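Heads up, final28.txt below (compact mmCIF, C-alpha atoms):
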# COMPACT_ATOMS: atom_id res chain seq x y z
CA MET A 1 -37.66 1.90 68.53
CA SER A 2 -40.75 3.33 66.78
CA HIS A 3 -42.58 1.04 64.36
CA VAL A 4 -44.00 1.43 60.87
CA GLY A 5 -47.73 2.19 60.80
CA ASP A 6 -50.14 -0.28 59.18
CA ASP A 7 -51.06 2.02 56.29
CA LEU A 8 -47.43 2.81 55.47
CA LEU A 9 -46.59 -0.89 55.68
CA ARG A 10 -49.47 -1.83 53.34
CA ARG A 11 -48.37 0.78 50.81
CA PHE A 12 -44.79 -0.50 51.11
CA VAL A 13 -45.82 -4.12 50.50
CA GLU A 14 -48.00 -3.17 47.55
CA GLY A 15 -45.22 -1.08 46.03
CA ASP A 16 -47.11 2.21 46.24
CA LEU A 17 -44.42 4.20 48.08
CA GLU A 18 -41.89 6.58 46.57
CA LEU A 19 -38.51 4.90 46.28
CA ALA A 20 -36.84 7.03 48.98
CA ALA A 21 -39.63 6.32 51.48
CA ALA A 22 -39.64 2.64 50.53
CA THR A 23 -35.89 2.44 51.11
CA ASP A 24 -36.31 3.97 54.58
CA VAL A 25 -38.98 1.38 55.41
CA ALA A 26 -36.77 -1.44 54.05
CA VAL A 27 -33.86 -0.34 56.25
CA HIS A 28 -36.23 -0.34 59.25
CA LEU A 29 -37.61 -3.81 58.40
CA ASP A 30 -34.05 -5.19 58.21
CA ALA A 31 -33.54 -4.16 61.82
CA CYS A 32 -37.04 -4.71 63.28
CA ALA A 33 -38.32 -8.28 63.46
CA ARG A 34 -41.78 -7.15 64.60
CA CYS A 35 -42.39 -4.87 61.58
CA ALA A 36 -40.84 -7.45 59.22
CA ALA A 37 -43.29 -10.06 60.52
CA GLN A 38 -46.17 -7.59 60.14
CA ALA A 39 -45.08 -6.84 56.56
CA ALA A 40 -45.04 -10.56 55.78
CA VAL A 41 -48.68 -11.02 56.86
CA THR A 42 -49.74 -7.81 55.09
CA ASP A 43 -48.45 -9.17 51.76
CA PRO A 44 -51.45 -10.07 49.53
CA LEU A 45 -49.61 -13.29 48.63
CA ALA A 46 -48.79 -14.12 52.26
CA SER A 47 -50.74 -17.39 52.24
CA ALA A 48 -49.11 -18.41 48.95
CA TRP A 49 -45.59 -17.74 50.25
CA ALA A 50 -46.41 -19.64 53.44
CA SER A 51 -47.67 -22.62 51.46
CA VAL A 52 -44.29 -23.28 49.84
CA ASP A 53 -42.21 -25.84 51.72
CA ASP A 54 -38.44 -25.98 51.47
CA PRO A 55 -37.36 -28.47 48.79
CA VAL A 56 -36.03 -31.75 50.14
CA VAL A 57 -32.25 -31.87 49.93
CA PRO A 58 -31.06 -35.17 48.35
CA GLU A 59 -29.63 -37.40 51.07
CA ASP A 60 -26.46 -38.22 49.17
CA LEU A 61 -25.61 -34.64 48.22
CA THR A 62 -23.66 -33.60 51.31
CA GLY A 63 -21.57 -36.79 51.18
CA ARG A 64 -20.89 -36.33 47.48
CA ILE A 65 -19.71 -32.75 48.01
CA GLU A 66 -17.58 -33.66 51.04
CA ALA A 67 -15.89 -36.34 48.95
CA ALA A 68 -15.23 -33.83 46.14
CA VAL A 69 -13.79 -31.28 48.58
CA LEU A 70 -11.55 -33.91 50.21
CA ALA A 71 -10.38 -35.16 46.81
CA GLU A 72 -9.43 -31.64 45.76
CA GLN A 73 -7.69 -30.87 49.06
CA SER A 74 -5.65 -34.07 48.92
CA GLN A 75 -4.46 -33.21 45.41
CA ARG A 76 -3.53 -29.62 46.09
CA PRO A 77 -0.64 -30.09 48.56
CA ARG A 78 0.92 -32.72 46.28
CA SER A 79 1.01 -30.34 43.35
CA GLN A 80 2.20 -27.29 45.25
CA ALA A 81 4.26 -28.38 48.24
CA PRO A 82 7.18 -30.08 46.52
CA SER A 83 8.12 -27.10 44.38
CA GLU A 84 8.67 -24.67 47.25
CA ILE A 85 10.09 -27.26 49.63
CA TRP A 86 12.55 -28.52 47.01
CA VAL A 87 13.58 -25.02 45.96
CA ALA A 88 14.21 -24.07 49.60
CA THR A 89 16.15 -27.25 50.30
CA GLY A 90 18.12 -26.92 47.06
CA LEU A 91 19.12 -23.33 47.75
CA MET A 92 20.27 -24.10 51.28
CA ALA A 93 22.13 -27.25 50.17
CA ALA A 94 23.86 -25.34 47.35
CA ALA A 95 24.95 -22.62 49.78
CA ALA A 96 26.26 -25.22 52.23
CA LEU A 97 28.14 -27.02 49.43
CA LEU A 98 29.72 -23.76 48.34
CA PHE A 99 31.09 -23.13 51.82
CA VAL A 100 32.26 -26.75 52.13
CA ALA A 101 34.03 -26.62 48.79
CA LEU A 102 35.78 -23.34 49.52
CA GLY A 103 36.73 -23.69 53.17
CA ASP A 104 36.68 -25.72 56.36
CA PRO A 105 32.96 -25.78 57.33
CA LEU A 106 33.61 -26.61 61.02
CA ALA A 107 36.04 -23.71 61.33
CA LEU A 108 33.55 -21.44 59.54
CA VAL A 109 30.78 -22.31 61.99
CA THR A 110 33.13 -21.79 64.95
CA GLU A 111 34.26 -18.45 63.58
CA ALA A 112 30.72 -17.31 62.91
CA ALA A 113 29.86 -18.11 66.54
CA SER A 114 32.95 -16.34 67.87
CA ALA A 115 32.22 -13.34 65.63
CA SER A 116 28.73 -13.06 67.12
CA LEU A 117 30.22 -13.32 70.62
CA ALA A 118 32.82 -10.68 69.75
CA VAL A 119 30.12 -8.28 68.57
CA ALA A 120 28.20 -8.89 71.78
CA THR A 121 31.21 -8.40 74.05
CA GLY A 122 32.88 -5.65 72.02
CA THR A 123 36.16 -7.62 71.59
CA THR A 124 38.18 -8.06 68.42
CA VAL A 125 38.72 -11.50 66.86
CA VAL A 126 40.66 -12.44 63.74
CA HIS A 127 38.56 -14.64 61.41
CA GLU A 128 41.12 -16.47 59.35
CA GLN A 129 38.74 -18.90 57.67
CA LEU A 130 36.19 -16.24 56.76
CA GLN A 131 38.97 -14.09 55.37
CA LEU A 132 40.11 -16.98 53.16
CA LEU A 133 36.75 -17.16 51.36
CA PRO A 134 36.34 -15.02 48.23
CA ALA A 135 33.82 -12.18 48.70
CA TRP A 136 31.54 -13.44 45.91
CA SER A 137 31.15 -16.82 47.61
CA ILE A 138 30.03 -15.17 50.85
CA VAL A 139 27.47 -13.07 48.93
CA VAL A 140 26.18 -16.02 46.81
CA GLY A 141 26.14 -18.45 49.73
CA GLY A 142 24.52 -15.91 52.03
CA LEU A 143 21.78 -15.15 49.48
CA GLY A 144 21.18 -18.88 49.01
CA LEU A 145 20.79 -19.39 52.74
CA LEU A 146 18.54 -16.35 53.06
CA LEU A 147 16.23 -17.27 50.14
CA GLY A 148 16.09 -20.90 51.19
CA GLY A 149 15.22 -19.89 54.73
CA VAL A 150 12.49 -17.47 53.63
CA LEU A 151 10.89 -20.02 51.28
CA GLY A 152 11.10 -22.73 53.91
CA VAL A 153 9.50 -20.56 56.60
CA ARG A 154 6.77 -19.42 54.20
CA ARG A 155 5.94 -22.98 53.24
CA VAL A 156 5.85 -24.21 56.83
CA ARG A 157 3.62 -21.27 57.77
CA GLY A 158 1.27 -22.11 54.85
CA LEU A 159 1.04 -25.74 55.95
CA TRP A 160 0.36 -24.62 59.53
CA GLU A 161 -2.47 -22.28 58.49
CA ARG A 162 -4.00 -24.96 56.27
CA ALA A 163 -3.84 -27.50 59.11
CA ARG A 164 -5.71 -25.04 61.37
CA MET B 1 -18.87 -25.93 56.35
CA VAL B 2 -20.19 -28.39 53.74
CA ASP B 3 -22.74 -29.76 56.23
CA GLU B 4 -23.99 -26.29 57.09
CA PHE B 5 -24.18 -24.78 53.62
CA THR B 6 -25.19 -27.66 51.35
CA PRO B 7 -28.95 -27.46 52.18
CA PRO B 8 -29.44 -23.68 51.78
CA VAL B 9 -27.20 -23.48 48.70
CA TYR B 10 -28.97 -26.46 47.08
CA ARG B 11 -32.39 -24.91 47.77
CA PHE B 12 -31.27 -21.59 46.30
CA CYS B 13 -29.78 -23.25 43.20
CA LEU B 14 -32.88 -25.41 42.73
CA ARG B 15 -35.15 -22.38 42.88
CA MET B 16 -32.96 -20.47 40.48
CA LEU B 17 -32.25 -23.28 38.00
CA ARG B 18 -35.46 -25.32 38.46
CA ASN B 19 -33.69 -28.56 37.65
CA ASP B 20 -32.55 -31.05 40.27
CA GLN B 21 -29.42 -32.32 38.54
CA ASP B 22 -28.27 -28.81 37.59
CA ALA B 23 -28.91 -27.68 41.18
CA ARG B 24 -26.81 -30.55 42.55
CA ASP B 25 -23.93 -29.70 40.20
CA ALA B 26 -24.20 -25.98 40.94
CA THR B 27 -24.19 -26.66 44.69
CA GLN B 28 -21.03 -28.76 44.41
CA ASP B 29 -19.34 -26.15 42.18
CA THR B 30 -20.31 -23.40 44.62
CA LEU B 31 -18.87 -25.14 47.69
CA LEU B 32 -15.67 -26.10 45.88
CA LYS B 33 -15.24 -22.46 44.82
CA VAL B 34 -15.86 -21.38 48.42
CA MET B 35 -13.13 -23.73 49.67
CA ARG B 36 -10.69 -22.60 46.96
CA ASN B 37 -11.30 -18.91 47.64
CA LEU B 38 -11.56 -18.83 51.43
CA HIS B 39 -8.46 -16.61 51.55
CA ARG B 40 -10.36 -13.99 49.51
CA TYR B 41 -13.29 -13.77 51.93
CA ASP B 42 -13.75 -10.23 53.21
CA ALA B 43 -14.91 -10.29 56.84
CA ARG B 44 -16.91 -7.09 56.34
CA TRP B 45 -19.53 -9.28 54.63
CA ARG B 46 -21.62 -11.92 56.34
CA PHE B 47 -20.10 -15.26 55.40
CA SER B 48 -23.46 -16.62 54.19
CA THR B 49 -23.96 -13.58 51.94
CA TRP B 50 -20.57 -14.23 50.38
CA VAL B 51 -21.46 -17.91 49.83
CA PHE B 52 -24.80 -17.01 48.20
CA GLY B 53 -22.97 -14.54 45.97
CA ILE B 54 -20.80 -17.38 44.70
CA ALA B 55 -23.89 -19.60 44.29
CA ARG B 56 -25.60 -16.87 42.30
CA ASN B 57 -22.62 -16.46 39.97
CA THR B 58 -22.54 -20.23 39.49
CA CYS B 59 -26.23 -20.19 38.53
CA ILE B 60 -25.62 -17.34 36.09
CA ASP B 61 -22.83 -19.40 34.47
CA GLU B 62 -25.31 -22.27 34.15
CA TYR B 63 -27.91 -19.98 32.50
CA ARG B 64 -25.27 -18.91 29.99
CA ARG B 65 -24.27 -22.51 29.30
CA ARG B 66 -27.93 -23.43 28.72
CA LYS B 67 -28.36 -20.56 26.29
CA ARG B 68 -25.33 -21.78 24.33
CA VAL B 69 -26.27 -25.46 24.17
CA ALA B 70 -30.07 -25.71 24.32
CA PRO B 71 -33.30 -24.00 25.35
CA ALA B 72 -34.11 -23.97 29.06
CA PRO B 73 -35.29 -27.39 30.25
CA ALA B 74 -38.73 -27.93 31.67
CA ARG B 75 -39.29 -27.51 35.36
CA GLU B 76 -38.16 -30.54 37.34
CA VAL B 77 -38.50 -29.34 40.91
CA GLN B 78 -39.93 -32.26 42.85
CA ASP B 79 -41.26 -32.43 46.35
CA HIS B 80 -41.02 -36.01 47.55
CA ARG B 81 -43.14 -35.55 50.62
CA PRO B 82 -46.52 -37.29 50.86
CA LEU B 83 -49.58 -35.21 50.13
CA PRO B 84 -52.29 -35.60 52.78
CA SER B 85 -55.75 -34.74 51.51
CA ASP B 86 -56.20 -31.81 53.93
CA ASN B 87 -53.07 -30.27 52.41
CA VAL B 88 -54.42 -30.11 48.88
CA ASP B 89 -55.31 -26.41 49.03
CA ARG B 90 -51.91 -25.55 50.41
CA SER B 91 -50.25 -27.63 47.72
CA MET B 92 -52.31 -25.96 44.99
CA ARG B 93 -51.35 -22.51 46.25
CA ALA B 94 -47.70 -23.52 46.22
CA SER B 95 -48.00 -24.89 42.66
CA ARG B 96 -49.67 -21.70 41.47
CA LEU B 97 -47.00 -19.58 43.09
CA HIS B 98 -44.24 -21.69 41.50
CA ALA B 99 -45.95 -21.41 38.12
CA ALA B 100 -46.19 -17.63 38.49
CA LEU B 101 -42.55 -17.38 39.64
CA ASP B 102 -41.49 -19.41 36.60
CA GLU B 103 -43.04 -16.77 34.36
CA LEU B 104 -41.02 -13.94 35.91
CA PRO B 105 -37.81 -12.69 34.27
CA GLU B 106 -34.69 -14.01 36.05
CA LEU B 107 -33.89 -10.53 37.38
CA TYR B 108 -37.20 -10.38 39.26
CA ARG B 109 -37.39 -14.02 40.34
CA GLU B 110 -33.89 -13.74 41.83
CA VAL B 111 -34.75 -10.95 44.29
CA LEU B 112 -37.97 -12.65 45.38
CA VAL B 113 -36.19 -15.97 45.93
CA LEU B 114 -33.47 -14.27 47.96
CA TYR B 115 -35.99 -12.38 50.13
CA HIS B 116 -38.87 -14.82 50.57
CA PHE B 117 -37.10 -18.19 50.42
CA GLN B 118 -33.50 -17.54 51.48
CA HIS B 119 -34.67 -14.98 54.06
CA LEU B 120 -31.94 -12.46 53.27
CA LYS B 121 -32.44 -8.88 54.44
CA TYR B 122 -32.86 -6.10 51.86
CA ARG B 123 -29.40 -4.77 52.73
CA GLU B 124 -27.87 -8.22 52.27
CA ILE B 125 -29.50 -8.59 48.86
CA ALA B 126 -28.02 -5.22 47.88
CA GLU B 127 -24.56 -6.39 49.00
CA LEU B 128 -24.89 -9.72 47.25
CA LEU B 129 -26.04 -8.18 43.95
CA ASP B 130 -23.65 -5.26 44.38
CA ILE B 131 -26.39 -2.69 43.74
CA PRO B 132 -27.87 0.14 45.87
CA ILE B 133 -30.69 -0.80 48.23
CA GLY B 134 -32.99 1.56 46.30
CA THR B 135 -32.44 -0.53 43.17
CA VAL B 136 -33.24 -3.66 45.16
CA MET B 137 -36.52 -2.11 46.32
CA ASN B 138 -37.37 -1.03 42.79
CA ARG B 139 -36.80 -4.57 41.52
CA ILE B 140 -38.76 -6.15 44.34
CA PHE B 141 -41.74 -3.82 43.86
CA ARG B 142 -41.88 -4.52 40.14
CA ALA B 143 -41.41 -8.23 40.76
CA ARG B 144 -44.21 -8.35 43.35
CA LYS B 145 -46.64 -6.48 41.11
CA LYS B 146 -45.90 -8.75 38.18
CA LEU B 147 -46.11 -11.82 40.40
CA ARG B 148 -49.48 -10.78 41.79
CA ALA B 149 -50.79 -10.28 38.27
CA LEU B 150 -49.49 -13.68 37.18
CA TYR B 151 -50.83 -15.38 40.32
CA GLY B 152 -54.22 -13.76 39.69
CA GLU B 153 -54.18 -15.05 36.10
CA GLU B 154 -53.45 -18.51 37.41
CA ASP B 155 -56.41 -18.07 39.72
CA GLY B 156 -58.67 -17.24 36.81

Would you mind writing the structure in this file as structure tokens?
Amino acid sequence: MSHVGDDLLRRFVEGDLELAAATDVAVHLDACARCAAQAAVTDPLASAWASVDDPVVPEDLTGRIEAAVLAEQSQRPRSQAPSEIWVATGLMAAAALLFVALGDPLALVTEAASASLAVATGTTVVHEQLQLLPAWSIVVGGLGLLLGGVLGVRRVRGLWERAR
Amino acid sequence: MVDEFTPPVYRFCLRMLRNDQDARDATQDTLLKVMRNLHRYDARWRFSTWVFGIARNTCIDEYRRRKRVAPAPAREVQDHRPLPSDNVDRSMRASRLHAALDELPELYREVLVLYHFQHLKYREIAELLDIPIGTVMNRIFRARKKLRALYGEEDG
């Protein structure tokens, strides 16, 4: 990597370069520690800049901020988690109740399993219990289960990411 | 995260606001905003540049609040370290530089603080201020010339 000459650097520091040339030098200084250090000592106010110490950070500040962050984090899950969790649970419970009220839930579960098996094996099975349910209840119950499941998974994933 | 960023953010806020209590509050606000908005962080930026951008916006909000409620308070930056006698010259240079920086318009002081005290690169300052690097250079050149004139006046 070539370096910026002393005269060019002095003109850069004193602000005597055209803007385009100054921008080129700035881009070089960002990438070249040696020229950046040389520019720093070329600055007419170099000794003044070097004389300024970093301000002392108050000892209690980090603790105060950590406490504020923890307080906010402990409040946030309480205000947000219940809504989604309860909506998900409610939807799934309502769907389950619908199926219970309209048919024999054990038979429905058995038939659902046998239907899946039938699809996999290519056989034909008669689903008496499923056929007894009105079509609207299957649609409403199915949507309830689906929405409840999606909300539940989303919430659990959010909690997992936050925990990480 | 709080451990790592509290010192540099506090120093930046103190140099921008020149008031210890305001700098403490601004530092806390900044880090709370960082925590709340972590999901918005764009990995194309350096994380520290993003944090300083939030700190800068917090300081700007504080400037606006001051303008609404009262004139800017007097400088209250304090260095609690002891002052050995052989350090008097150094201390006087620092005081003169601070006095000259205080006289600069916010726009100019900001770029000098970011470059000389926060050690950001020119490109990072451009990203943080969301302006072209040429504009950054223009501001820095004007700021340095004005600062040198003010520092010279202090000298006289």

A:Ala31, A:Ala37, A:Ala48, A:Leu8 ranked by distance to Ala100 (chain B), top pick (using all atoms listed in the file):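 The answer is A:Ala48, which sits nearest to Ala100 (chain B).
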
Contacts of region 89-113 of chain B with region 45-62 of chain B up to 12 Å, shortest pair per row, all atoms listed in the file, as a tab-separated table:
residue	atom	partner	partner_atom	distance
B:Glu106	CA	B:Ile60	CA	9.7
B:Leu107	CA	B:Ile60	CA	10.8
B:Glu110	CA	B:Arg56	CA	8.9
B:Val111	CA	B:Arg56	CA	11.1
B:Val113	CA	B:Arg56	CA	11.2

Separation of CA of Arg157 (chain A) from CA of Ala95 (chain A) in Å: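 Separation between CA of Ala95 (chain A) and CA of Arg157 (chain A): 22.8 Å.
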
Å distance separating CA of Arg142 (chain B) from CA of Ala99 (chain B), one decimal place: 17.5 Å

Nearest to Leu32 (chain B) by atom-to-atom distance, counting all atoms listed in the file, from A:Thr23, A:Ser114, A:Gln73, A:Thr89: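 Closest to Leu32 (chain B), using all atoms listed in the file: A:Gln73.
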